[in-house]
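**Q** As input, take entry_7.cif (mmCIF, C-alpha atoms and all ligand atoms):
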```cif
data_final
#
loop_
_atom_site.label_atom_id
_atom_site.label_comp_id
_atom_site.auth_asym_id
_atom_site.auth_seq_id
_atom_site.Cartn_x
_atom_site.Cartn_y
_atom_site.Cartn_z
CA MET A 13 127.02 55.24 130.91
CA LEU A 14 129.95 56.22 128.72
CA VAL A 15 130.98 59.84 128.97
CA GLY A 16 130.34 61.60 125.68
CA HIS A 17 127.58 59.21 124.72
CA GLN A 18 124.66 60.97 126.33
CA PRO A 19 121.56 61.37 124.16
CA PRO A 20 121.60 64.65 122.20
CA GLU A 21 120.41 67.77 124.01
CA PHE A 22 117.35 69.13 122.28
CA LEU A 23 116.61 72.82 122.34
CA LEU A 24 112.95 72.11 121.72
CA ALA A 25 111.08 68.90 122.49
CA VAL A 26 107.45 68.74 121.41
CA GLU A 27 105.73 65.64 122.74
CA ALA A 28 102.23 64.25 122.18
CA LEU A 29 101.02 67.77 121.45
CA THR A 30 97.32 68.03 120.70
CA VAL A 31 94.93 70.93 120.23
CA SER A 32 91.27 70.44 119.66
CA PHE A 33 89.01 73.17 118.23
CA ASP A 34 85.42 72.10 119.00
CA GLY A 35 86.43 68.46 118.68
CA PHE A 36 88.55 68.95 115.53
CA LYS A 37 92.17 68.07 116.22
CA ALA A 38 94.22 70.59 114.21
CA VAL A 39 97.36 69.16 115.84
CA ASN A 40 97.05 65.55 116.83
CA ASP A 41 99.50 63.74 119.11
CA LEU A 42 102.48 65.44 117.48
CA SER A 43 106.07 64.83 118.61
CA PHE A 44 109.24 66.32 117.14
CA TYR A 45 112.62 67.50 118.40
CA VAL A 46 114.78 70.42 117.30
CA GLU A 47 118.49 70.49 118.05
CA GLU A 48 120.74 73.46 118.83
CA ASN A 49 121.88 75.35 115.71
CA GLU A 50 119.38 73.47 113.58
CA ILE A 51 117.21 74.85 110.80
CA ARG A 52 114.03 72.77 110.77
CA VAL A 53 111.48 73.31 108.04
CA ILE A 54 107.85 72.28 108.39
CA ILE A 55 106.06 71.66 105.10
CA GLY A 56 102.66 70.25 104.24
CA PRO A 57 99.38 71.02 102.48
CA ASN A 58 97.15 73.93 103.49
CA GLY A 59 95.27 73.18 106.67
CA ALA A 60 97.85 70.61 107.81
CA GLY A 61 98.27 72.42 111.13
CA LYS A 62 101.63 74.13 110.47
CA THR A 63 100.71 77.61 111.67
CA THR A 64 98.87 76.11 114.63
CA VAL A 65 102.09 74.40 115.73
CA LEU A 66 103.84 77.78 115.87
CA ASP A 67 100.81 79.28 117.66
CA LEU A 68 101.11 76.54 120.29
CA ILE A 69 104.85 77.01 120.79
CA CYS A 70 104.58 80.80 121.17
CA GLY A 71 101.59 80.49 123.50
CA LYS A 72 99.06 82.22 121.23
CA THR A 73 97.02 79.01 121.29
CA LYS A 74 96.77 76.81 124.39
CA ALA A 75 97.38 73.08 123.97
CA THR A 76 94.62 70.65 124.85
CA SER A 77 97.27 68.14 125.95
CA GLY A 78 100.92 67.27 125.49
CA SER A 79 104.13 69.05 126.27
CA ILE A 80 106.54 71.61 124.77
CA GLN A 81 109.91 71.59 126.52
CA PHE A 82 112.29 74.44 125.74
CA ARG A 83 115.56 74.65 127.67
CA GLY A 84 113.99 72.69 130.49
CA LYS A 85 110.95 74.97 130.66
CA GLU A 86 107.44 73.71 130.00
CA LEU A 87 106.09 76.30 127.55
CA THR A 88 102.50 75.06 127.69
CA LYS A 89 102.31 76.47 131.21
CA LEU A 90 103.66 79.92 130.29
CA LYS A 91 102.02 83.07 128.95
CA GLU A 92 103.01 84.57 125.59
CA ASN A 93 105.27 87.27 127.07
CA GLU A 94 106.96 84.72 129.35
CA ILE A 95 107.68 82.54 126.30
CA VAL A 96 109.27 85.52 124.51
CA HIS A 97 111.31 86.14 127.64
CA ALA A 98 112.38 82.48 127.71
CA GLY A 99 113.99 83.05 124.30
CA VAL A 100 111.41 82.23 121.63
CA GLY A 101 110.80 84.79 118.85
CA ARG A 102 108.05 84.37 116.30
CA LYS A 103 107.37 86.15 113.04
CA PHE A 104 103.85 86.12 111.68
CA GLN A 105 102.94 85.94 108.00
CA THR A 106 102.11 89.64 107.71
CA PRO A 107 104.90 91.96 108.88
CA SER A 108 104.17 94.02 111.97
CA ILE A 109 106.69 96.79 111.43
CA PHE A 110 105.98 100.47 112.03
CA ASP A 111 105.65 102.17 108.62
CA ASP A 112 106.10 105.71 109.94
CA LEU A 113 109.33 104.92 111.79
CA THR A 114 112.74 104.56 110.18
CA VAL A 115 114.56 101.26 109.89
CA PHE A 116 116.81 102.39 112.76
CA GLU A 117 113.85 103.28 114.98
CA ASN A 118 112.05 100.01 114.23
CA LEU A 119 115.13 98.09 115.36
CA GLU A 120 115.76 100.38 118.33
CA ILE A 121 112.27 99.97 119.80
CA SER A 122 112.66 96.21 119.56
CA TYR A 123 115.79 96.19 121.69
CA PRO A 124 114.93 94.44 124.96
CA ARG A 125 114.14 96.73 127.84
CA GLY A 126 115.00 96.37 131.48
CA ARG A 127 118.54 95.12 131.10
CA THR A 128 119.71 96.41 134.44
CA VAL A 129 123.41 95.80 133.74
CA PHE A 130 123.63 99.36 132.44
CA GLY A 131 122.14 100.80 135.62
CA SER A 132 121.54 104.52 135.31
CA LEU A 133 124.25 104.97 132.71
CA MET A 134 121.83 105.69 129.89
CA PHE A 135 124.57 106.80 127.51
CA LYS A 136 126.18 103.38 127.86
CA ARG A 137 122.90 101.72 127.02
CA ASP A 138 122.41 104.02 124.03
CA ALA A 139 125.84 103.10 122.69
CA ALA A 140 125.11 99.41 123.15
CA VAL A 141 121.76 99.77 121.40
CA ARG A 142 123.30 101.67 118.47
CA GLU A 143 126.00 99.06 118.08
CA ARG A 144 123.51 96.22 118.12
CA VAL A 145 121.22 98.01 115.64
CA GLN A 146 124.16 98.41 113.24
CA GLU A 147 125.11 94.77 113.66
CA VAL A 148 121.58 93.52 112.96
CA ALA A 149 121.03 96.01 110.10
CA GLU A 150 124.10 94.57 108.39
CA MET A 151 122.83 91.01 108.81
CA ILE A 152 119.44 91.88 107.28
CA PHE A 153 120.99 93.77 104.32
CA LEU A 154 119.62 97.14 105.47
CA LYS A 155 122.70 98.92 106.80
CA ASP A 156 122.41 101.52 104.03
CA ARG A 157 118.72 102.04 104.77
CA LEU A 158 118.80 102.92 108.48
CA ASP A 159 117.30 106.41 107.98
CA MET A 160 114.65 105.32 105.53
CA PHE A 161 111.02 105.17 106.64
CA ALA A 162 109.92 101.56 106.72
CA SER A 163 106.98 102.36 104.42
CA PHE A 164 109.46 102.88 101.54
CA LEU A 165 111.03 99.44 101.85
CA SER A 166 110.26 96.70 99.34
CA HIS A 167 108.11 93.79 100.48
CA GLY A 168 111.21 91.65 100.92
CA GLN A 169 113.06 94.33 102.90
CA LYS A 170 110.05 94.66 105.21
CA GLN A 171 110.23 90.94 105.88
CA TRP A 172 113.95 91.25 106.68
CA LEU A 173 113.30 94.19 108.96
CA GLU A 174 110.83 92.17 110.93
CA ILE A 175 113.32 89.33 111.21
CA GLY A 176 115.82 91.95 112.43
CA MET A 177 113.34 93.15 115.06
CA LEU A 178 113.28 89.61 116.40
CA LEU A 179 117.04 89.08 116.08
CA ILE A 180 117.79 92.17 118.15
CA GLN A 181 116.17 90.34 121.06
CA ASP A 182 118.61 87.49 120.50
CA PRO A 183 116.11 84.60 120.67
CA GLU A 184 117.45 81.08 120.99
CA LEU A 185 114.61 79.82 118.84
CA LEU A 186 113.35 81.89 115.92
CA MET A 187 110.10 80.83 114.27
CA LEU A 188 109.11 82.09 110.81
CA ASP A 189 105.84 81.49 108.98
CA GLU A 190 106.36 81.54 105.19
CA PRO A 191 109.10 84.20 105.24
CA VAL A 192 109.83 84.21 101.49
CA ALA A 193 106.24 84.35 100.24
CA GLY A 194 106.05 87.19 97.72
CA MET A 195 109.82 87.67 97.57
CA SER A 196 111.85 87.88 94.37
CA VAL A 197 114.29 85.09 93.55
CA SER A 198 117.31 87.17 94.64
CA GLU A 199 115.58 88.11 97.90
CA ARG A 200 114.92 84.42 98.55
CA VAL A 201 118.57 83.60 98.02
CA LYS A 202 119.59 86.36 100.44
CA THR A 203 117.04 85.21 103.01
CA ALA A 204 118.53 81.72 102.86
CA GLU A 205 121.97 83.28 103.39
CA LEU A 206 120.60 85.24 106.37
CA LEU A 207 119.13 82.16 108.03
CA ASN A 208 122.30 80.16 107.43
CA THR A 209 124.25 82.93 109.19
CA ILE A 210 122.04 83.44 112.23
CA ILE A 211 121.90 79.79 113.28
CA LYS A 212 125.43 80.03 114.61
CA ASP A 213 123.78 81.33 117.78
CA ARG A 214 120.29 79.82 117.68
CA SER A 215 117.88 77.40 116.06
CA VAL A 216 115.27 78.28 113.47
CA LEU A 217 111.87 76.71 112.85
CA VAL A 218 110.44 77.70 109.46
CA ILE A 219 107.19 76.96 107.66
CA GLU A 220 107.69 77.20 103.91
CA HIS A 221 106.23 76.09 100.59
CA ASP A 222 109.03 77.11 98.23
CA MET A 223 110.92 73.85 97.80
CA LYS A 224 114.04 75.48 96.32
CA PHE A 225 114.28 77.66 99.43
CA VAL A 226 113.63 74.66 101.68
CA GLU A 227 116.46 72.82 99.96
CA ASP A 228 118.80 75.79 100.58
CA ILE A 229 118.16 75.95 104.32
CA ALA A 230 116.70 72.76 105.79
CA HIS A 231 118.83 70.53 107.96
CA LYS A 232 115.78 68.40 108.44
CA VAL A 233 112.22 68.56 107.12
CA THR A 234 109.04 67.64 109.00
CA VAL A 235 106.04 66.99 106.77
CA LEU A 236 102.71 67.62 108.45
CA HIS A 237 99.38 66.27 107.28
CA GLN A 238 96.13 66.46 109.22
CA GLY A 239 97.94 67.55 112.37
CA GLN A 240 100.34 64.60 112.32
CA ILE A 241 103.78 63.77 110.95
CA LEU A 242 103.58 62.19 107.54
CA SER A 243 107.35 61.99 107.07
CA GLU A 244 110.50 63.41 108.60
CA GLY A 245 114.19 63.51 107.72
CA SER A 246 116.53 64.96 105.14
CA MET A 247 115.11 66.87 102.19
CA GLU A 248 116.13 64.00 99.94
CA LYS A 249 114.35 61.47 102.12
CA VAL A 250 111.03 63.32 102.34
CA GLN A 251 111.11 64.32 98.66
CA ASN A 252 111.32 60.69 97.68
CA ASP A 253 108.76 59.47 100.20
CA PRO A 254 105.75 58.17 98.21
CA LYS A 255 103.35 59.34 100.97
CA VAL A 256 104.71 62.90 100.69
CA ILE A 257 104.49 62.86 96.90
CA GLU A 258 100.90 61.67 97.11
CA VAL A 259 99.53 64.23 99.57
CA TYR A 260 101.78 67.24 98.92
CA LEU A 261 104.57 67.38 96.38
CA GLY A 262 102.61 65.69 93.60
CA HIS A 263 100.13 68.59 93.45
P1 LIG B 1 98.37 75.43 107.88
O1 LIG B 1 99.16 76.54 108.48
O2 LIG B 1 99.10 74.14 107.79
O3 LIG B 1 97.79 75.80 106.54
P2 LIG B 1 96.59 75.88 110.13
O4 LIG B 1 97.43 75.52 111.27
O5 LIG B 1 96.40 77.32 109.86
O6 LIG B 1 97.10 75.13 108.82
O7 LIG B 1 95.16 75.24 110.31
C1 LIG B 1 94.97 73.85 110.57
C2 LIG B 1 93.49 73.59 110.73
O8 LIG B 1 93.04 74.11 111.99
C3 LIG B 1 92.62 74.24 109.66
O9 LIG B 1 91.57 73.34 109.36
C4 LIG B 1 92.11 75.47 110.34
O10 LIG B 1 90.87 75.87 109.81
C5 LIG B 1 91.98 75.02 111.80
N1 LIG B 1 92.16 76.10 112.77
C6 LIG B 1 93.31 76.81 112.97
N2 LIG B 1 93.16 77.70 113.96
C7 LIG B 1 91.87 77.56 114.41
C8 LIG B 1 91.09 78.20 115.44
N3 LIG B 1 91.62 79.15 116.22
N4 LIG B 1 89.81 77.77 115.62
C9 LIG B 1 89.32 76.81 114.84
N5 LIG B 1 89.97 76.17 113.87
C10 LIG B 1 91.25 76.53 113.65
MG MG B 2 99.68 78.48 107.75
#
```
Please express the file's structure as structure tokens.
**A**
Amino acid sequence: MLVGHQPPEFLLAVEALTVSFDGFKAVNDLSFYVEENEIRVIIGPNGAGKTTVLDLICGKTKATSGSIQFRGKELTKLKENEIVHAGVGRKFQTPSIFDDLTVFENLEISYPRGRTVFGSLMFKRDAAVRERVQEVAEMIFLKDRLDMFASFLSHGQKQWLEIGMLLIQDPELLMLDEPVAGMSVSERVKTAELLNTIIKDRSVLVIEHDMKFVEDIAHKVTVLHQGQILSEGSMEKVQNDPKVIEVYLGH
């Protein structure tokens, strides 16, 4: 084999993934591959199985069959906390931030524990945590809001805070389920900017309906329908695919 001509290394390889709920296959023999530093968007009609795919990857739902390879680890065999530890962060549709804590505190409590490199030097850890909180707060447009209680944030800012709480754990794969739902146009633009920044160090898997937002972020789009891939490729390709127009975009 020629050096430099190896097949691409995938961060995530989903193969023949199936989950059956009482005989109903919500995800049916699904295969797709996400590269390093890629933003992949999953679109498709309601009930297509999009959220279930994220549930399977993060271990919330157990696969009936098939495989999910992430950095050489088989995620279908791991528990939810082991999958987080392996480097997969997942944001749910409703934010799970702590309203009665400040922005700073929300980020601080999300900082990974048990990093023994600091040993007993707690002050060193504290400095590292503060630095990382500042860094993440800047990325999520909340550096001027660190002392504000999370309950006073706008809907969009709450969504960013929750993304920040995942980013502080430095996941290699970040999964977001409809992150811009309910956001203003300017918040959507900033969220796209945020995602385009953070993929320097990771890949992102996003479920989204807002096609303008999808266009702003997607490297590649996977269209799901009835638990299977209807179409996959560039935004332009899937937008012009008659099958996609028929079952999704035409409505
Ligand atoms: P999407 O996110 O694309 O709208 P979902 O993944 O939420 O779709 O759901 C896909 C299908 O699987 C739906 O028909 C839904 O009712 C069904 N489903 C999802 N989770 C479960 C579950 N835990 N038990 C039974 N059916 C489920
Ligand atoms: Mg869903």
**Q** Within 12 Å of region 173-175 of chain A, counting all atoms listed in the file, which residues qualify if same-chain residues fewer than 4 places away don't, as number ranges by chain?
**A** A: 101-111, 113-122, 145, 148-155, 157-158, 160-163, 165-169, 179-183, 186-189, 191-192, 203, 206-207, 210, 216
**Q** Between A:Glu27, A:Glu258, A:Glu244, A:Glu190, single out the one closest to ligand LIG 1 (chain B), counting all atoms listed in the file.
**A**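 For ligand LIG 1 (chain B), the nearest of the candidates is A:Glu190.
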**Q** Using all atoms listed in the file, which of the listed residues (A:Val31, A:Val141, A:Leu217, A:Leu242) sits closest to Arg52 (chain A)?
**A**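 Smallest distance to Arg52 (chain A) is found for A:Leu217.
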**Q** Please, what distance in Å, to one decimal, runs between CA of Leu178 (chain A) and CA of Val218 (chain A)?
**A**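 CA of Val218 (chain A) lies 14.1 Å from CA of Leu178 (chain A).
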**Q** So what do you get for atom MG of ligand MG 2 (chain B) versus CA of Lys62 (chain A), distance-wise?
**A** 5.5 Å
**Q** One decimal, Å: what's the distance from CA of Glu47 (chain A) over to CA of Phe22 (chain A), could you say?
**A**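 Separating CA of Glu47 (chain A) from CA of Phe22 (chain A) is a distance of 4.6 Å.
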**Q** At a cut-off of 7 Å around ligand LIG 1 (chain B), and using only C-alpha atoms and all ligand atoms, what residues come up? Please write them as a list in words.
**A**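 Protein and nucleic-acid residues within 7 Å of ligand LIG 1 (chain B): Phe33, Ala38, Gly56, Pro57, Asn58, Gly59, Ala60, Gly61, Lys62, Thr63, Thr64 and Val65 of chain A.
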**Q** Which is closer to Leu24 (chain A) than all the others in A:Met247, A:Val256, A:Leu87, A:Val96, using only C-alpha atoms?
**A**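 Answer, going by the shortest atom-to-atom distance: A:Leu87.
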**Q** Of the candidates A:Ile241, A:Ile219, A:Ile211, A:Ser246, which shows the shortest atom-to-atom distance to ligand MG 2 (chain B), using only C-alpha atoms and all ligand atoms?
**A**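 Smallest distance to ligand MG 2 (chain B) is found for A:Ile219.
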**Q** Which neighbours of Gly78 (chain A) fall inside 12 Å, counting all atoms listed in the file, when residues of the same chain fewer than 3 positions from it are skipped, and could you give them as a list of chain:residue names?
**A**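 That gives A:Ala25, A:Val26, A:Glu27, A:Ala28, A:Leu29, A:Thr30, A:Val31, A:Ser32, A:Val39, A:Asn40, A:Asp41, A:Leu42, A:Ser43, A:Phe44, A:Leu68, A:Ile69, A:Lys74, A:Ala75, A:Gln81, A:Glu86, A:Leu87, A:Thr88, A:Lys89.
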**Q** Could you check which of A:Ile55, A:Glu184, A:Gln251, A:Phe164 is closest to ligand MG 2 (chain B), using only C-alpha atoms and all ligand atoms?
**A** A:Ile55
